[in-house]
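> A single structure is presented below for examination.
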Amino acid sequence: MTRTRLDRVRASAGIAQLALQQIEDDLKADDVDARELAAILRELQEDTDVPGGLFPALAQLVSAAARRAEQLEPDRDGDASGYLHEAAALITDHAGQRLTWAARSLHPQGDDT
């Protein structure tokens with residue numbers, strides 16, 4: 001049976017959800033200290049290289065959807081793509097930056113784990 005694109009996306013999203021659940025379980029561990037929590041937050045938001053962090057990769061995915069939406073919008077009004085571009089910016093500029101600030105607050109010396 002041939003899997004459709006949507007089937008592959010569903011399967012991939014399911015795998016991502018399982019991975020995120022594992023990270024959440026690790027965050028809930030009683031022995032996580034401030035230094036380790038800061039290192040985990042930095043790992044989620046490594047803004048120097050997209051493969052280096054979850055938030056930059058998610059923003060890249062949303063940006064790819066935005067670029068495709070630009071091509072598909074019949075009147076090129078930017079309704080769909082504009083929202084997607086804004087969402088990508090919010091992921092990196094707001095969520096990602098706040099993770100960085102939280103990590104610095106928890107362990108200001110940096111990621112030297």
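Residue numbering restarts at 1 in every chain; chains get A, B, ... in the order shown in the structure tokens, and ligands count up from 1 in that same order.
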For range 16-30 of chain A, please output as a PyMOL selection string all residues within 10 Å (counting only C-alpha atoms; exclusion window: fewer than 3 positions along the same chain).

chain A and resi 10-13+33+36-37+40-41+44+54

> With distances taken over only C-alpha atoms, which of A:His94, A:His85, A:Arg8, A:Arg35 is nearest to Ala69 in chain A?

A:His85

> What is the CA of Asp93 in chain A-CA of Leu61 in chain A distance in Å, reported with one decimal?

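About the pair CA of Asp93 in chain A and CA of Leu61 in chain A: they are 15.2 Å apart.
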
> Between A:Leu72, A:Ala89, A:Ala80, A:Ala39, which has the minimum distance to Gln60 in chain A (counting only C-alpha atoms)?

A:Ala89

> Could you check how far CA of Leu90 in chain A sits from CA of Ala59 in chain A, in Å to one decimal?

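Answer for the CA of Leu90 in chain A to CA of Ala59 in chain A separation: 8.4 Å.
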
> Among chain A, which ones does DSSP place in alpha helix (DSSP H), written as a PyMOL selection string?

chain A and resi 5-27+34-44+54-72+79-89+97-106

> Please report the interatomic distance between CA of Ala87 in chain A and CA of Arg42 in chain A in Å with one decimal.

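Taking CA of Ala87 in chain A as the start and CA of Arg42 in chain A as the end point, the length is 20.8 Å.
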
> For Ile91 in chain A, which residue out of A:Asp31, A:Thr4, A:Gly53, A:Leu106 is the nearest one, using only C-alpha atoms?

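For Ile91 in chain A, the nearest of the given residues is A:Gly53.
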